[in-house]
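Here's start13.tsv, which has TSV, C-alpha atoms:
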chain	number	residue	atom	x	y	z
A	1	MET	CA	74.77	92.66	79.89
A	2	ALA	CA	75.45	94.77	76.84
A	3	SER	CA	79.07	95.37	75.98
A	4	LEU	CA	78.52	99.13	76.02
A	5	THR	CA	76.14	101.60	77.56
A	6	GLN	CA	74.24	103.96	75.27
A	7	PHE	CA	73.20	107.46	76.16
A	8	VAL	CA	70.30	108.79	74.02
A	9	LEU	CA	69.93	112.55	73.71
A	10	PRO	CA	67.02	114.06	71.68
A	11	LEU	CA	67.99	117.32	70.00
A	12	HIS	CA	66.30	119.61	67.47
A	13	THR	CA	68.95	122.05	66.41
A	14	PHE	CA	72.36	120.68	67.37
A	15	GLN	CA	74.68	119.45	64.67
A	16	PRO	CA	77.29	116.71	65.25
A	17	ARG	CA	80.13	119.24	65.06
A	18	GLU	CA	78.52	121.22	67.89
A	19	LEU	CA	78.46	118.19	70.14
A	20	GLN	CA	82.10	118.64	71.09
A	21	HIS	CA	81.22	121.99	72.69
A	22	PHE	CA	78.15	120.65	74.45
A	23	ASP	CA	78.08	120.32	78.24
A	24	SER	CA	78.93	116.70	78.99
A	25	SER	CA	76.88	116.67	82.20
A	26	ILE	CA	73.71	116.09	80.18
A	27	PHE	CA	75.01	112.64	79.39
A	28	CYS	CA	74.93	111.59	83.06
A	29	THR	CA	72.97	108.52	84.04
A	30	ASN	CA	71.81	107.71	87.57
A	31	SER	CA	75.34	106.60	88.36
A	32	THR	CA	78.26	108.90	88.89
A	33	ALA	CA	79.67	107.93	85.52
A	34	THR	CA	79.59	110.58	82.80
A	35	ALA	CA	80.37	110.40	79.13
A	36	SER	CA	82.60	113.31	78.25
A	37	ALA	CA	82.71	114.76	74.75
A	38	ALA	CA	86.27	113.50	74.34
A	39	GLY	CA	85.21	109.98	75.31
A	40	ILE	CA	82.48	109.67	72.71
A	41	ARG	CA	83.65	107.24	70.11
A	42	THR	CA	80.86	107.36	67.57
A	43	VAL	CA	77.86	109.59	67.03
A	44	LYS	CA	74.98	108.47	64.89
A	45	LYS	CA	72.26	110.72	63.59
A	46	ARG	CA	68.90	109.52	62.50
A	47	PHE	CA	65.59	111.23	61.79
A	48	LEU	CA	62.26	110.27	63.30
A	49	GLY	CA	59.05	110.90	61.33
A	50	ARG	CA	58.05	114.07	59.59
A	51	GLN	CA	59.26	116.27	62.44
A	52	LYS	CA	62.84	115.43	61.48
A	53	ARG	CA	63.72	115.16	65.15
A	54	SER	CA	67.40	114.41	65.51
A	55	VAL	CA	68.52	111.77	67.96
A	56	PHE	CA	72.18	111.43	68.82
A	57	VAL	CA	73.35	108.10	70.24
A	58	ALA	CA	76.68	108.31	72.01
A	59	GLN	CA	78.36	104.98	72.61
A	60	ARG	CA	80.34	104.54	75.79
A	61	PRO	CA	84.06	103.89	75.23
A	62	ALA	CA	85.41	100.44	76.06
A	63	TRP	CA	87.50	101.64	78.99
A	64	LYS	CA	84.33	102.83	80.70
A	65	GLN	CA	82.60	99.45	80.53
A	66	GLU	CA	83.86	98.24	83.87
A	67	GLN	CA	82.48	101.28	85.69
A	68	SER	CA	79.07	100.80	84.06
A	69	SER	CA	79.07	97.14	85.01
A	70	LEU	CA	79.84	97.97	88.61
A	71	PHE	CA	76.97	100.44	88.72
A	72	VAL	CA	74.46	98.05	87.21
A	73	THR	CA	75.39	95.29	89.62
A	74	TYR	CA	75.79	97.55	92.67
A	75	ALA	CA	72.46	96.62	94.20
A	76	ARG	CA	73.34	92.96	93.86
A	77	TYR	CA	76.75	93.03	95.47
A	78	THR	CA	76.36	95.74	98.07
A	79	ASP	CA	76.31	94.75	101.73
A	80	ASP	CA	72.90	96.36	102.27
A	81	ALA	CA	70.47	93.70	103.48
A	82	ASP	CA	66.71	93.37	103.55
A	83	LEU	CA	64.76	91.43	106.18
A	84	SER	CA	65.08	88.04	104.48
A	85	ASP	CA	68.85	88.49	104.09
A	86	ARG	CA	69.17	89.34	107.76
A	87	PHE	CA	67.14	86.30	108.80
A	88	PHE	CA	69.10	83.82	106.67
A	89	SER	CA	72.37	85.40	107.82
A	90	CYS	CA	71.54	84.59	111.44
A	91	LEU	CA	70.75	80.89	110.91
A	92	PRO	CA	74.29	79.62	110.10
A	93	TYR	CA	75.58	80.82	113.45
A	94	LEU	CA	73.65	77.96	115.04
A	95	LEU	CA	76.36	75.59	113.82
A	96	PRO	CA	79.30	76.99	115.83
A	97	PHE	CA	77.02	77.67	118.78
A	98	ILE	CA	75.78	74.07	118.94
A	99	ASP	CA	79.30	72.70	118.55
A	100	SER	CA	80.55	75.00	121.31
A	101	LEU	CA	78.06	73.65	123.86
A	102	GLY	CA	80.43	70.77	124.61
A	103	PHE	CA	82.94	73.27	126.02
A	104	ALA	CA	80.26	74.74	128.31
A	105	ARG	CA	79.86	71.62	130.42
A	106	TYR	CA	81.58	73.18	133.44
A	107	ILE	CA	79.42	76.29	133.18
A	108	PHE	CA	76.25	74.21	132.85
A	109	GLN	CA	77.21	72.19	135.91
A	110	GLN	CA	77.40	75.38	137.96
A	111	PHE	CA	74.31	76.95	136.41
A	112	PRO	CA	71.83	74.21	135.46
A	113	ASP	CA	69.01	76.71	134.92
A	114	VAL	CA	71.06	78.44	132.27
A	115	ALA	CA	71.71	75.10	130.62
A	116	ARG	CA	68.00	74.30	130.45
A	117	ALA	CA	67.15	77.77	129.12
A	118	ILE	CA	69.70	77.37	126.30
A	119	ILE	CA	69.36	73.70	125.42
A	120	LEU	CA	65.61	73.09	125.65
A	121	PRO	CA	64.59	75.50	122.83
A	122	LEU	CA	67.29	74.02	120.59
A	123	GLN	CA	66.70	70.39	121.57
A	124	PRO	CA	65.02	69.33	118.27
A	125	VAL	CA	67.81	70.91	116.21
A	126	ILE	CA	70.52	69.44	118.44
A	127	SER	CA	68.94	65.97	118.26
A	128	ILE	CA	68.96	66.00	114.45
A	129	TYR	CA	72.38	67.60	114.17
A	130	ARG	CA	74.09	65.18	116.54
A	131	GLY	CA	71.80	62.17	116.18
A	132	ILE	CA	72.32	61.51	112.47
A	133	PRO	CA	75.91	60.65	111.50
A	134	GLY	CA	77.46	62.87	108.85
A	135	VAL	CA	74.83	65.63	109.05
A	136	GLY	CA	77.33	68.24	110.17
A	137	PHE	CA	79.79	67.49	107.38
A	138	ALA	CA	77.06	67.32	104.71
A	139	LEU	CA	75.61	70.60	105.91
A	140	TYR	CA	79.03	72.23	105.78
A	141	ILE	CA	79.62	71.09	102.20
A	142	ALA	CA	76.13	72.13	101.11
A	143	LEU	CA	76.44	75.62	102.57
A	144	PHE	CA	79.88	76.14	101.11
A	145	VAL	CA	79.02	74.93	97.60
A	146	PHE	CA	75.45	76.17	97.18
A	147	VAL	CA	75.56	79.36	99.25
A	148	VAL	CA	79.10	80.70	99.68
A	149	ARG	CA	80.11	80.00	96.06
A	150	ASN	CA	76.80	81.11	94.59
A	151	GLN	CA	77.17	84.74	93.51
A	152	ASN	CA	73.44	84.98	92.82
A	153	ILE	CA	73.02	85.10	96.60
A	154	PRO	CA	73.71	88.50	98.20
A	155	ARG	CA	77.24	89.00	99.48
A	156	PHE	CA	75.84	89.88	102.92
A	157	VAL	CA	74.40	86.37	103.32
A	158	ARG	CA	77.43	84.62	101.83
A	159	PHE	CA	79.78	86.50	104.13
A	160	ASN	CA	77.91	85.48	107.27
A	161	VAL	CA	77.57	81.87	106.15
A	162	MET	CA	81.30	81.66	105.46
A	163	GLN	CA	82.11	83.29	108.79
A	164	ALA	CA	79.89	80.84	110.68
A	165	LEU	CA	81.62	77.93	108.91
A	166	PHE	CA	85.03	79.36	109.81
A	167	LEU	CA	84.01	79.63	113.46
A	168	ASP	CA	82.81	76.05	113.39
A	169	VAL	CA	86.05	74.81	111.86
A	170	MET	CA	88.10	76.69	114.44
A	171	LEU	CA	86.41	74.65	117.18
A	172	ILE	CA	88.10	71.53	115.82
A	173	ILE	CA	91.46	72.66	117.20
A	174	PRO	CA	90.53	72.85	120.90
A	175	GLY	CA	88.36	69.76	120.44
A	176	VAL	CA	91.30	67.70	119.21
A	177	PHE	CA	93.60	69.11	121.88
A	178	SER	CA	91.16	68.25	124.68
A	179	ASN	CA	91.19	64.59	123.58
A	180	LEU	CA	94.96	64.29	123.71
A	181	SER	CA	96.55	62.47	126.60
A	182	VAL	CA	98.70	65.52	127.37
A	183	ALA	CA	95.60	67.61	127.92
A	184	ARG	CA	94.11	64.99	130.24
A	185	MET	CA	97.27	65.08	132.34
A	186	ALA	CA	96.92	68.84	132.81
A	187	PRO	CA	95.43	70.18	136.05
A	188	ALA	CA	91.63	70.13	136.16
A	189	LEU	CA	91.48	73.88	136.75
A	190	LEU	CA	93.49	74.54	133.58
A	191	GLY	CA	91.24	72.31	131.50
A	192	GLU	CA	88.13	73.97	132.89
A	193	THR	CA	89.53	77.44	132.22
A	194	MET	CA	90.40	76.59	128.64
A	195	ALA	CA	87.01	75.03	127.96
A	196	ASN	CA	85.22	78.04	129.40
A	197	ALA	CA	87.41	80.41	127.38
A	198	VAL	CA	86.58	78.59	124.13
A	199	PHE	CA	82.86	78.70	124.85
A	200	TYR	CA	82.85	82.37	125.84
A	201	ALA	CA	84.91	83.34	122.78
A	202	THR	CA	82.60	81.41	120.45
A	203	LEU	CA	79.51	82.79	122.16
A	204	ALA	CA	80.81	86.36	121.81
A	205	ALA	CA	81.54	85.85	118.10
A	206	VAL	CA	78.13	84.27	117.51
A	207	LEU	CA	76.28	87.03	119.35
A	208	TYR	CA	78.26	89.64	117.45
A	209	GLY	CA	77.48	88.02	114.11
A	210	VAL	CA	73.78	87.63	114.90
A	211	ALA	CA	73.45	91.18	116.26
A	212	CYS	CA	75.11	92.67	113.18
A	213	SER	CA	72.94	90.55	110.91
A	214	ILE	CA	69.77	91.73	112.64
A	215	LEU	CA	70.90	95.34	112.29
A	216	GLY	CA	71.84	94.81	108.65
A	217	LYS	CA	75.52	95.50	109.24
A	218	LEU	CA	78.42	93.38	108.06
A	219	SER	CA	80.04	91.56	110.98
A	220	ASP	CA	83.61	91.94	109.73
A	221	GLN	CA	85.41	92.83	112.95
A	222	ILE	CA	86.13	89.36	114.36
A	223	PRO	CA	89.93	89.09	114.64
A	224	LEU	CA	91.57	86.73	112.13
A	225	ILE	CA	88.25	85.12	111.19
A	226	SER	CA	86.75	88.07	109.32
A	227	GLU	CA	89.92	88.70	107.33
A	228	SER	CA	89.98	85.06	106.24
A	229	VAL	CA	86.33	85.30	105.22
A	230	LYS	CA	87.00	88.42	103.14
A	231	ALA	CA	89.80	86.58	101.35
A	232	GLN	CA	87.40	83.77	100.48
A	233	ILE	CA	84.40	85.88	99.52
A	234	GLY	CA	86.20	88.73	97.80
A	235	SER	CA	84.64	92.07	96.94
A	236	PHE	CA	81.69	90.50	95.16
What does this structure look like when you write it as structure tokens?
Amino acid sequence: MASLTQFVLPLHTFQPRELQHFDSSIFCTNSTATASAAGIRTVKKRFLGRQKRSVFVAQRPAWKQEQSSLFVTYARYTDDADLSDRFFSCLPYLLPFIDSLGFARYIFQQFPDVARAIILPLQPVISIYRGIPGVGFALYIALFVFVVRNQNIPRFVRFNVMQALFLDVMLIIPGVFSNLSVARMAPALLGETMANAVFYATLAAVLYGVACSILGKLSDQIPLISESVKAQIGSF
């Protein structure tokens, strides 16, 4: 990107000394940024052909460069999403959903038809994800390095990928707790309630993230998780 933005104004009769009285609104680009007469650092005058048509080139001051840069890159870093961005933003939420199925065992025991309706369509993905050792960890690293940290990918996609990874990591805590001997000594009803609560909470977050992705909206209202994701992703 050029270090300064140039505004070219063809004139026939204006002299450089008259430029300071000229309406600065004519220097507007498509952005909201304007170059005021006081902010013009240098004015060059050159003549084109026999018509002696004057062209004034006003160079944007250095302190305006950041605003120009933001405008030029706005389309790249905005949270607006096209269809492909929405599709790829939905896919990462499969990770926390698949990992949360282990907490739904009590629900699936009571409603086997629901279990079949959920598991059968995802059976090939679940078989690969859980059948090959280290796939989950490798996938996590790949998504974090090549997607989340890649600023060439739209922020909308990176945000949802990071949020799905955060949800997946959060499932480690109840998973470790459920394997402790203290948890096994707890009443069966308490263990069932906790497992169901973890699954329902994860399912709600996944459905919220997928629904917002389909609608092209940023799913940034998940308590604690979304704020952590914003800290990782940043404004760009």
Which residues are near Arg105 of chain A? Cut-off 10 Å, all atoms listed in the file, ignore same chain within fewer than 6 positions. Put them as an mmCIF file with C-alpha atoms, in the coordinates of the input.
data_model
loop_
_atom_site.group_PDB
_atom_site.id
_atom_site.type_symbol
_atom_site.label_atom_id
_atom_site.label_comp_id
_atom_site.auth_asym_id
_atom_site.auth_seq_id
_atom_site.Cartn_x
_atom_site.Cartn_y
_atom_site.Cartn_z
ATOM 1 C CA PHE A 111 74.310 76.950 136.410
ATOM 2 C CA PRO A 112 71.830 74.210 135.460
ATOM 3 C CA ALA A 115 71.710 75.100 130.620
ATOM 4 C CA GLU A 192 88.130 73.970 132.890
ATOM 5 C CA ALA A 195 87.010 75.030 127.960
ATOM 6 C CA ASN A 196 85.220 78.040 129.400
ATOM 7 C CA PHE A 199 82.860 78.700 124.850
#
Q.
To one decimal place in Å, what is the distance between atom CA of Ile132 of chain A and atom CA of Leu203 of chain A?
A.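 Taking atom CA of Ile132 of chain A and atom CA of Leu203 of chain A, their separation equals 24.5 Å.
Distances here use all atoms listed in the file; by that measure, the residue among A:Gly191, A:Gly209, A:Pro223, A:Gly134 closest to Ala104 of chain A is A:Gly191.
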| query | Using only C-alpha atoms, which residue out of A:Cys212, A:Ile119, A:Val114, A:Ala142 lies closest to Ile98 of chain A? | reply |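 Ranked by minimum distance to Ile98 of chain A, first place goes to A:Ile119.
Atom pair atom CA of Leu143 of chain A / atom CA of Leu120 of chain A: separated by 25.6 Å.
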For this session: Could you tell me how far atom CA of Gly102 of chain A lies from atom CA of Thr202 of chain A, in Å and to one decimal?
Result: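 Between atom CA of Gly102 of chain A and atom CA of Thr202 of chain A the gap works out to 11.6 Å.
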Open item on the list: Ranking A:Asp85, A:Phe103, A:Leu94, A:Phe146 by minimum distance to Leu122 of chain A and counting all atoms listed in the file, which one comes first?
Closed with: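 Ranking A:Asp85, A:Phe103, A:Leu94, A:Phe146 by distance to Leu122 of chain A, first place goes to A:Leu94.
With all atoms listed in the file as the atoms that count, the minimum distance from Leu218 of chain A to the choices A:Cys90, A:Ile173, A:Ile128, A:Ile118 is reached by A:Cys90.
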* **Nearest to Ser178 of chain A by atom-to-atom distance, counting only C-alpha atoms, from A:Asp113, A:Gln151, A:Pro121, A:Thr193** =>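 Among A:Asp113, A:Gln151, A:Pro121, A:Thr193, it is A:Thr193 that comes nearest to Ser178 of chain A.
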